[in-house]
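Participant: Contents are TSV, N, CA and C atoms; file name coords19.tsv:
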chain	number	residue	atom	x	y	z
A	347	MET	N	-3.88	-21.62	2.87
A	347	MET	CA	-4.09	-20.43	2.06
A	347	MET	C	-3.12	-19.32	2.44
A	348	LYS	N	-2.88	-19.17	3.75
A	348	LYS	CA	-1.98	-18.13	4.22
A	348	LYS	C	-0.57	-18.37	3.71
A	349	GLY	N	-0.11	-19.61	3.74
A	349	GLY	CA	1.22	-19.94	3.25
A	349	GLY	C	1.35	-19.72	1.75
A	350	LEU	N	0.29	-19.98	1.02
A	350	LEU	CA	0.29	-19.76	-0.42
A	350	LEU	C	0.45	-18.28	-0.74
A	351	LEU	N	-0.25	-17.43	-0.01
A	351	LEU	CA	-0.15	-15.99	-0.21
A	351	LEU	C	1.27	-15.51	0.11
A	352	GLN	N	1.83	-16.00	1.19
A	352	GLN	CA	3.19	-15.60	1.55
A	352	GLN	C	4.20	-16.07	0.51
A	353	LEU	N	4.03	-17.27	-0.01
A	353	LEU	CA	4.91	-17.77	-1.07
A	353	LEU	C	4.79	-16.91	-2.32
A	354	PHE	N	3.57	-16.56	-2.69
A	354	PHE	CA	3.34	-15.69	-3.85
A	354	PHE	C	4.04	-14.35	-3.67
A	355	LEU	N	3.90	-13.75	-2.50
A	355	LEU	CA	4.53	-12.46	-2.24
A	355	LEU	C	6.04	-12.56	-2.28
A	356	LEU	N	6.58	-13.61	-1.72
A	356	LEU	CA	8.03	-13.80	-1.72
A	356	LEU	C	8.56	-13.95	-3.14
A	357	LEU	N	7.94	-14.82	-3.91
A	357	LEU	CA	8.39	-15.04	-5.29
A	357	LEU	C	8.24	-13.79	-6.15
A	358	THR	N	7.13	-13.10	-5.99
A	358	THR	CA	6.91	-11.89	-6.78
A	358	THR	C	7.93	-10.82	-6.42
A	359	THR	N	8.21	-10.68	-5.15
A	359	THR	CA	9.19	-9.69	-4.72
A	359	THR	C	10.58	-10.05	-5.21
A	360	LEU	N	10.93	-11.32	-5.15
A	360	LEU	CA	12.25	-11.74	-5.63
A	360	LEU	C	12.39	-11.52	-7.13
A	361	CYS	N	11.36	-11.86	-7.89
A	361	CYS	CA	11.40	-11.67	-9.34
A	361	CYS	C	11.51	-10.19	-9.70
A	362	THR	N	10.77	-9.37	-8.99
A	362	THR	CA	10.80	-7.94	-9.26
A	362	THR	C	12.13	-7.33	-8.86
A	363	SER	N	12.70	-7.82	-7.78
A	363	SER	CA	13.97	-7.25	-7.31
A	363	SER	C	15.10	-7.47	-8.30
A	364	VAL	N	14.98	-8.46	-9.16
A	364	VAL	CA	15.98	-8.68	-10.20
A	364	VAL	C	16.06	-7.45	-11.11
A	365	CYS	N	14.91	-6.84	-11.39
A	365	CYS	CA	14.89	-5.63	-12.21
A	365	CYS	C	15.61	-4.48	-11.54
A	366	MET	N	15.62	-4.46	-10.22
A	366	MET	CA	16.23	-3.35	-9.50
A	366	MET	C	17.74	-3.29	-9.70
A	367	TRP	N	18.36	-4.42	-9.97
A	367	TRP	CA	19.81	-4.41	-10.19
A	367	TRP	C	20.17	-3.63	-11.43
A	368	SER	N	19.23	-3.50	-12.35
A	368	SER	CA	19.51	-2.72	-13.55
A	368	SER	C	19.29	-1.23	-13.31
A	369	GLY	N	18.87	-0.88	-12.11
A	369	GLY	CA	18.69	0.53	-11.76
A	369	GLY	C	17.39	1.14	-12.25
A	370	GLN	N	16.40	0.32	-12.55
A	370	GLN	CA	15.13	0.83	-13.04
A	370	GLN	C	14.29	1.38	-11.89
A	371	TRP	N	13.86	2.62	-12.01
A	371	TRP	CA	13.00	3.26	-11.01
A	371	TRP	C	11.65	2.55	-10.98
A	372	PHE	N	11.17	2.10	-12.13
A	372	PHE	CA	9.86	1.45	-12.21
A	372	PHE	C	9.77	0.20	-11.34
A	373	ALA	N	10.89	-0.48	-11.13
A	373	ALA	CA	10.87	-1.74	-10.36
A	373	ALA	C	10.34	-1.55	-8.95
A	374	TRP	N	10.41	-0.34	-8.41
A	374	TRP	CA	9.88	-0.10	-7.07
A	374	TRP	C	8.37	-0.08	-7.04
A	375	HIS	N	7.72	0.17	-8.16
A	375	HIS	CA	6.25	0.23	-8.20
A	375	HIS	C	5.60	-1.11	-7.81
A	376	PRO	N	5.94	-2.22	-8.49
A	376	PRO	CA	5.30	-3.48	-8.09
A	376	PRO	C	5.68	-3.92	-6.68
A	377	ILE	N	6.92	-3.66	-6.27
A	377	ILE	CA	7.32	-4.04	-4.92
A	377	ILE	C	6.50	-3.29	-3.89
A	378	ALA	N	6.38	-1.97	-4.07
A	378	ALA	CA	5.62	-1.16	-3.11
A	378	ALA	C	4.15	-1.57	-3.09
A	379	MET	N	3.57	-1.85	-4.25
A	379	MET	CA	2.15	-2.20	-4.30
A	379	MET	C	1.90	-3.60	-3.72
A	380	ILE	N	2.82	-4.51	-3.96
A	380	ILE	CA	2.67	-5.86	-3.39
A	380	ILE	C	2.70	-5.77	-1.87
A	381	TRP	N	3.66	-5.05	-1.33
A	381	TRP	CA	3.74	-4.92	0.12
A	381	TRP	C	2.58	-4.12	0.68
A	382	ALA	N	2.10	-3.14	-0.08
A	382	ALA	CA	0.93	-2.38	0.38
A	382	ALA	C	-0.27	-3.30	0.55
A	383	PHE	N	-0.56	-4.09	-0.45
A	383	PHE	CA	-1.73	-4.97	-0.37
A	383	PHE	C	-1.51	-6.11	0.62
A	384	PHE	N	-0.27	-6.56	0.78
A	384	PHE	CA	0.02	-7.56	1.80
A	384	PHE	C	-0.25	-6.99	3.20
A	385	LEU	N	0.23	-5.77	3.46
A	385	LEU	CA	0.00	-5.14	4.76
A	385	LEU	C	-1.47	-4.84	4.99
A	386	ILE	N	-2.16	-4.41	3.94
A	386	ILE	CA	-3.58	-4.09	4.07
A	386	ILE	C	-4.37	-5.37	4.35
A	387	ALA	N	-4.09	-6.43	3.61
A	387	ALA	CA	-4.81	-7.69	3.83
A	387	ALA	C	-4.55	-8.24	5.22
A	388	THR	N	-3.31	-8.13	5.67
A	388	THR	CA	-2.98	-8.60	7.02
A	388	THR	C	-3.64	-7.72	8.06
A	389	GLY	N	-3.61	-6.42	7.85
A	389	GLY	CA	-4.23	-5.49	8.78
A	389	GLY	C	-5.73	-5.68	8.91
A	390	LEU	N	-6.37	-6.02	7.81
A	390	LEU	CA	-7.82	-6.24	7.84
A	390	LEU	C	-8.18	-7.55	8.54
A	391	SER	N	-7.25	-8.49	8.55
A	391	SER	CA	-7.56	-9.77	9.17
A	391	SER	C	-7.30	-9.78	10.68
A	392	VAL	N	-6.70	-8.71	11.19
A	392	VAL	CA	-6.40	-8.62	12.62
A	392	VAL	C	-7.65	-8.18	13.37
A	393	GLU	N	-7.91	-8.82	14.47
A	393	GLU	CA	-9.05	-8.44	15.31
A	393	GLU	C	-8.84	-7.02	15.82
A	394	ARG	N	-9.90	-6.23	15.83
A	394	ARG	CA	-9.77	-4.82	16.14
A	394	ARG	C	-10.13	-4.49	17.60
A	395	LYS	N	-9.85	-5.36	18.51
A	395	LYS	CA	-10.17	-5.11	19.92
A	395	LYS	C	-8.90	-5.08	20.74
A	396	GLY	N	-8.88	-4.25	21.78
A	396	GLY	CA	-7.75	-4.19	22.70
A	396	GLY	C	-6.48	-3.75	22.02
A	397	ARG	N	-5.39	-4.43	22.36
A	397	ARG	CA	-4.08	-4.07	21.80
A	397	ARG	C	-4.01	-4.36	20.31
A	398	ARG	N	-4.78	-5.30	19.86
A	398	ARG	CA	-4.78	-5.63	18.44
A	398	ARG	C	-5.29	-4.46	17.59
A	399	HIS	N	-6.03	-3.57	18.21
A	399	HIS	CA	-6.54	-2.40	17.50
A	399	HIS	C	-5.38	-1.57	16.94
A	400	TRP	N	-4.32	-1.41	17.71
A	400	TRP	CA	-3.19	-0.62	17.26
A	400	TRP	C	-2.39	-1.36	16.19
A	401	LEU	N	-2.36	-2.67	16.24
A	401	LEU	CA	-1.72	-3.44	15.18
A	401	LEU	C	-2.49	-3.26	13.88
A	402	HIS	N	-3.80	-3.34	13.97
A	402	HIS	CA	-4.68	-3.11	12.81
A	402	HIS	C	-4.42	-1.72	12.23
A	403	PHE	N	-4.42	-0.71	13.08
A	403	PHE	CA	-4.19	0.67	12.67
A	403	PHE	C	-2.82	0.83	12.02
A	404	SER	N	-1.79	0.26	12.64
A	404	SER	CA	-0.42	0.39	12.14
A	404	SER	C	-0.22	-0.29	10.80
A	405	LEU	N	-0.75	-1.51	10.66
A	405	LEU	CA	-0.59	-2.23	9.39
A	405	LEU	C	-1.30	-1.51	8.25
A	406	LEU	N	-2.50	-0.99	8.51
A	406	LEU	CA	-3.21	-0.27	7.46
A	406	LEU	C	-2.50	1.03	7.11
A	407	THR	N	-1.94	1.70	8.08
A	407	THR	CA	-1.21	2.93	7.81
A	407	THR	C	0.06	2.65	7.02
A	408	LEU	N	0.81	1.61	7.39
A	408	LEU	CA	1.99	1.23	6.61
A	408	LEU	C	1.61	0.83	5.19
A	409	GLY	N	0.49	0.13	5.06
A	409	GLY	CA	0.00	-0.23	3.73
A	409	GLY	C	-0.30	0.99	2.90
A	410	LEU	N	-0.92	1.99	3.52
A	410	LEU	CA	-1.22	3.23	2.80
A	410	LEU	C	0.07	3.93	2.37
A	411	LEU	N	1.07	3.97	3.24
A	411	LEU	CA	2.33	4.61	2.88
A	411	LEU	C	3.02	3.88	1.72
A	412	CYS	N	3.00	2.56	1.74
A	412	CYS	CA	3.57	1.79	0.62
A	412	CYS	C	2.80	2.07	-0.67
A	413	MET	N	1.49	2.18	-0.55
A	413	MET	CA	0.66	2.44	-1.72
A	413	MET	C	0.94	3.82	-2.30
A	414	VAL	N	1.07	4.81	-1.44
A	414	VAL	CA	1.39	6.17	-1.90
A	414	VAL	C	2.75	6.18	-2.59
A	415	PHE	N	3.73	5.49	-2.01
A	415	PHE	CA	5.05	5.42	-2.64
A	415	PHE	C	4.97	4.74	-4.00
A	416	GLY	N	4.22	3.65	-4.10
A	416	GLY	CA	4.06	2.96	-5.39
A	416	GLY	C	3.41	3.85	-6.44
A	417	MET	N	2.42	4.63	-6.04
A	417	MET	CA	1.76	5.56	-6.96
A	417	MET	C	2.72	6.68	-7.37
A	418	TYR	N	3.53	7.15	-6.43
A	418	TYR	CA	4.52	8.18	-6.74
A	418	TYR	C	5.53	7.66	-7.77
A	419	VAL	N	5.98	6.43	-7.57
A	419	VAL	CA	6.96	5.85	-8.50
A	419	VAL	C	6.38	5.76	-9.90
A	420	ILE	N	5.17	5.27	-10.03
A	420	ILE	CA	4.61	5.11	-11.37
A	420	ILE	C	4.31	6.46	-12.01
A	421	TYR	N	3.89	7.44	-11.20
A	421	TYR	CA	3.64	8.78	-11.73
A	421	TYR	C	4.93	9.41	-12.26
A	422	THR	N	5.99	9.36	-11.45
A	422	THR	CA	7.26	9.97	-11.88
A	422	THR	C	7.88	9.20	-13.04
A	423	ASN	N	7.68	7.89	-13.09
A	423	ASN	CA	8.21	7.11	-14.20
A	423	ASN	C	7.51	7.50	-15.51
A	424	LYS	N	6.19	7.64	-15.45
A	424	LYS	CA	5.44	8.05	-16.65
A	424	LYS	C	5.87	9.44	-17.11
A	425	GLU	N	6.07	10.34	-16.15
A	425	GLU	CA	6.51	11.70	-16.49
A	425	GLU	C	7.91	11.68	-17.11
A	426	ALA	N	8.79	10.85	-16.59
A	426	ALA	CA	10.17	10.79	-17.07
A	426	ALA	C	10.26	10.29	-18.51
A	427	VAL	N	9.41	9.32	-18.87
A	427	VAL	CA	9.46	8.78	-20.23
A	427	VAL	C	8.48	9.47	-21.17
A	428	GLY	N	7.70	10.40	-20.63
A	428	GLY	CA	6.80	11.19	-21.47
A	428	GLY	C	5.57	10.44	-21.96
A	429	ARG	N	5.12	9.46	-21.22
A	429	ARG	CA	3.92	8.71	-21.61
A	429	ARG	C	2.70	9.24	-20.88
A	430	PRO	N	1.52	9.13	-21.50
A	430	PRO	CA	0.30	9.61	-20.84
A	430	PRO	C	-0.12	8.67	-19.71
A	431	HIS	N	-0.82	9.23	-18.75
A	431	HIS	CA	-1.30	8.47	-17.60
A	431	HIS	C	-2.67	7.87	-17.89
A	432	LEU	N	-3.01	6.82	-17.14
A	432	LEU	CA	-4.33	6.18	-17.16
A	432	LEU	C	-4.78	5.79	-18.58
A	433	GLN	N	-3.95	5.01	-19.24
A	433	GLN	CA	-4.27	4.57	-20.60
A	433	GLN	C	-4.67	3.10	-20.70
A	434	THR	N	-4.59	2.36	-19.60
A	434	THR	CA	-4.92	0.93	-19.63
A	434	THR	C	-5.92	0.61	-18.52
A	435	TRP	N	-6.54	-0.56	-18.64
A	435	TRP	CA	-7.45	-1.03	-17.59
A	435	TRP	C	-6.68	-1.21	-16.28
A	436	HIS	N	-5.46	-1.68	-16.38
A	436	HIS	CA	-4.63	-1.87	-15.19
A	436	HIS	C	-4.46	-0.53	-14.46
A	437	ALA	N	-4.19	0.51	-15.19
A	437	ALA	CA	-4.00	1.83	-14.59
A	437	ALA	C	-5.29	2.33	-13.94
A	438	TRP	N	-6.40	2.20	-14.65
A	438	TRP	CA	-7.68	2.68	-14.10
A	438	TRP	C	-8.11	1.90	-12.87
A	439	LEU	N	-7.96	0.58	-12.92
A	439	LEU	CA	-8.33	-0.23	-11.76
A	439	LEU	C	-7.40	0.03	-10.57
A	440	GLY	N	-6.12	0.21	-10.86
A	440	GLY	CA	-5.17	0.54	-9.80
A	440	GLY	C	-5.47	1.88	-9.16
A	441	PHE	N	-5.79	2.87	-9.99
A	441	PHE	CA	-6.10	4.20	-9.46
A	441	PHE	C	-7.41	4.17	-8.68
A	442	ALA	N	-8.40	3.42	-9.16
A	442	ALA	CA	-9.67	3.29	-8.43
A	442	ALA	C	-9.46	2.60	-7.09
A	443	SER	N	-8.62	1.57	-7.07
A	443	SER	CA	-8.30	0.89	-5.81
A	443	SER	C	-7.61	1.83	-4.84
A	444	PHE	N	-6.68	2.61	-5.37
A	444	PHE	CA	-5.96	3.58	-4.55
A	444	PHE	C	-6.93	4.60	-3.94
A	445	LEU	N	-7.78	5.17	-4.78
A	445	LEU	CA	-8.75	6.15	-4.27
A	445	LEU	C	-9.71	5.53	-3.27
A	446	GLY	N	-10.16	4.31	-3.56
A	446	GLY	CA	-11.07	3.63	-2.64
A	446	GLY	C	-10.45	3.41	-1.28
A	447	PHE	N	-9.18	3.00	-1.28
A	447	PHE	CA	-8.53	2.77	0.01
A	447	PHE	C	-8.29	4.08	0.75
A	448	VAL	N	-7.88	5.12	0.04
A	448	VAL	CA	-7.65	6.41	0.67
A	448	VAL	C	-8.94	6.94	1.29
A	449	VAL	N	-10.05	6.82	0.57
A	449	VAL	CA	-11.33	7.29	1.08
A	449	VAL	C	-11.75	6.46	2.31
A	450	SER	N	-11.60	5.14	2.23
A	450	SER	CA	-11.99	4.30	3.37
A	450	SER	C	-11.07	4.54	4.57
A	451	ARG	N	-9.81	4.82	4.31
A	451	ARG	CA	-8.86	5.10	5.40
A	451	ARG	C	-9.19	6.44	6.04
A	452	GLY	N	-9.57	7.41	5.23
A	452	GLY	CA	-9.95	8.71	5.76
A	452	GLY	C	-11.26	8.68	6.52
A	453	ALA	N	-12.11	7.73	6.15
A	453	ALA	CA	-13.42	7.61	6.80
A	453	ALA	C	-13.39	6.55	7.90
A	454	ALA	N	-12.19	6.29	8.42
A	454	ALA	CA	-12.06	5.28	9.49
A	454	ALA	C	-12.92	5.69	10.68
A	455	PRO	N	-13.37	4.71	11.42
A	455	PRO	CA	-14.19	5.03	12.59
A	455	PRO	C	-13.47	6.01	13.52
A	456	GLU	N	-14.24	6.80	14.18
A	456	GLU	CA	-13.70	7.81	15.09
A	456	GLU	C	-12.81	7.17	16.15
A	457	LYS	N	-13.11	5.94	16.50
A	457	LYS	CA	-12.32	5.22	17.50
A	457	LYS	C	-10.86	5.09	17.07
A	458	THR	N	-10.63	4.92	15.77
A	458	THR	CA	-9.28	4.76	15.26
A	458	THR	C	-8.44	6.00	15.54
A	459	TRP	N	-9.06	7.15	15.46
A	459	TRP	CA	-8.31	8.40	15.59
A	459	TRP	C	-8.13	8.83	17.04
A	460	ARG	N	-8.49	7.98	17.99
A	460	ARG	CA	-8.27	8.29	19.40
A	460	ARG	C	-6.87	7.89	19.87
A	461	CYS	N	-5.99	7.64	18.94
A	461	CYS	CA	-4.62	7.28	19.26
A	461	CYS	C	-4.01	8.40	20.11
A	462	PRO	N	-3.29	8.06	21.18
A	462	PRO	CA	-2.70	9.10	22.04
A	462	PRO	C	-1.85	10.12	21.29
A	463	ILE	N	-1.19	9.67	20.24
A	463	ILE	CA	-0.36	10.59	19.46
A	463	ILE	C	-1.24	11.66	18.81
A	464	PHE	N	-2.38	11.23	18.22
A	464	PHE	CA	-3.26	12.18	17.56
A	464	PHE	C	-3.95	13.10	18.57
A	465	VAL	N	-4.30	12.56	19.73
A	465	VAL	CA	-4.94	13.37	20.75
A	465	VAL	C	-4.02	14.50	21.20
A	466	LYS	N	-2.72	14.21	21.35
A	466	LYS	CA	-1.75	15.24	21.73
A	466	LYS	C	-1.57	16.27	20.63
A	467	LEU	N	-1.61	15.82	19.38
A	467	LEU	CA	-1.45	16.75	18.27
A	467	LEU	C	-2.66	17.67	18.10
A	468	LEU	N	-3.84	17.13	18.39
A	468	LEU	CA	-5.05	17.93	18.25
A	468	LEU	C	-5.22	18.78	19.46
Just give me the structure as structure tokens.

Facilitator:
Amino acid sequence: MKGLLQLFLLLTTLCTSVCMWSGQWFAWHPIAMIWAFFLIATGLSVERKGRRHWLHFSLLTLGLLCMVFGMYVIYTNKEAVGRPHLQTWHAWLGFASFLGFVVSRGAAPEKTWRCPIFVKLL
């Protein structure tokens, strides 16, 4: 199953990257979202004890950053072509997934936020 997921991600990324040669800004949206969900799925499958805790934290944070970038790309693309936002089921489900992940990431256990970097900043 793991190999199948990796093959799917590789093929999808390669197919999408073909669009990038034409200079389309939109092509970054599927790439960013694919990598976001790949990082999130991998991060969730990592055991959250000991040193693996920081791997879990890092993968989920990178996934969130990819997701934010993908949302930024689609927002600016819609603005550039003058189309309305949230007009399809795909858009609504994507936005709901984005909000759900942001809320769950913000409500991470207090243990997650004990990272030495955050402790120094606070």

Participant: So, with only C-alpha atoms as the atoms that count, which of A:Gly409, A:His399, A:Val414, A:Trp371 lies closest to Ala387 (chain A)?

Facilitator: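 Of A:Gly409, A:His399, A:Val414, A:Trp371, the one nearest Ala387 (chain A) is A:Gly409, counting only C-alpha atoms.
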
Participant: So that I can see what lies close to Cys412 (chain A), please list as a list in words the residues with an atom at most 12 Å from it, counting only C-alpha atoms and leaving out residues fewer than 4 positions away in the same chain.

Facilitator: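 Residues meeting the cut-off are Trp374, His375, Pro376, Ile377, Ala378, Met379, Ile380, Trp381, Ala382, Phe383, Phe384, Leu385, Ile386, Leu405, Leu406, Thr407, Leu408, Gly416, Met417, Tyr418, Val419 and Phe444 of chain A.
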
Participant: What separation in Å, quoted to one decimal, exists between CA of Ala426 (chain A) and CA of Met413 (chain A)?

Facilitator: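 These atoms are spaced 19.9 Å apart.
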
Participant: If I take atom C of Gly389 (chain A) and atom N of Phe403 (chain A), how far is one from the other in Å, to one decimal?

Facilitator: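 Distance reported for this atom pair: 6.6 Å.
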
Participant: CA of Phe447 (chain A) and CA of Leu410 (chain A) are how many Å apart?

Facilitator: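 Atom-to-atom, CA of Phe447 (chain A) to CA of Leu410 (chain A), that is 7.8 Å.
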
Participant: Nearest to His402 (chain A) among A:Leu355, A:Gln370, A:Arg451, A:Gly440, with distances taken over only C-alpha atoms: which residue is it?

Facilitator: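 Closest to His402 (chain A), using only C-alpha atoms: A:Arg451.
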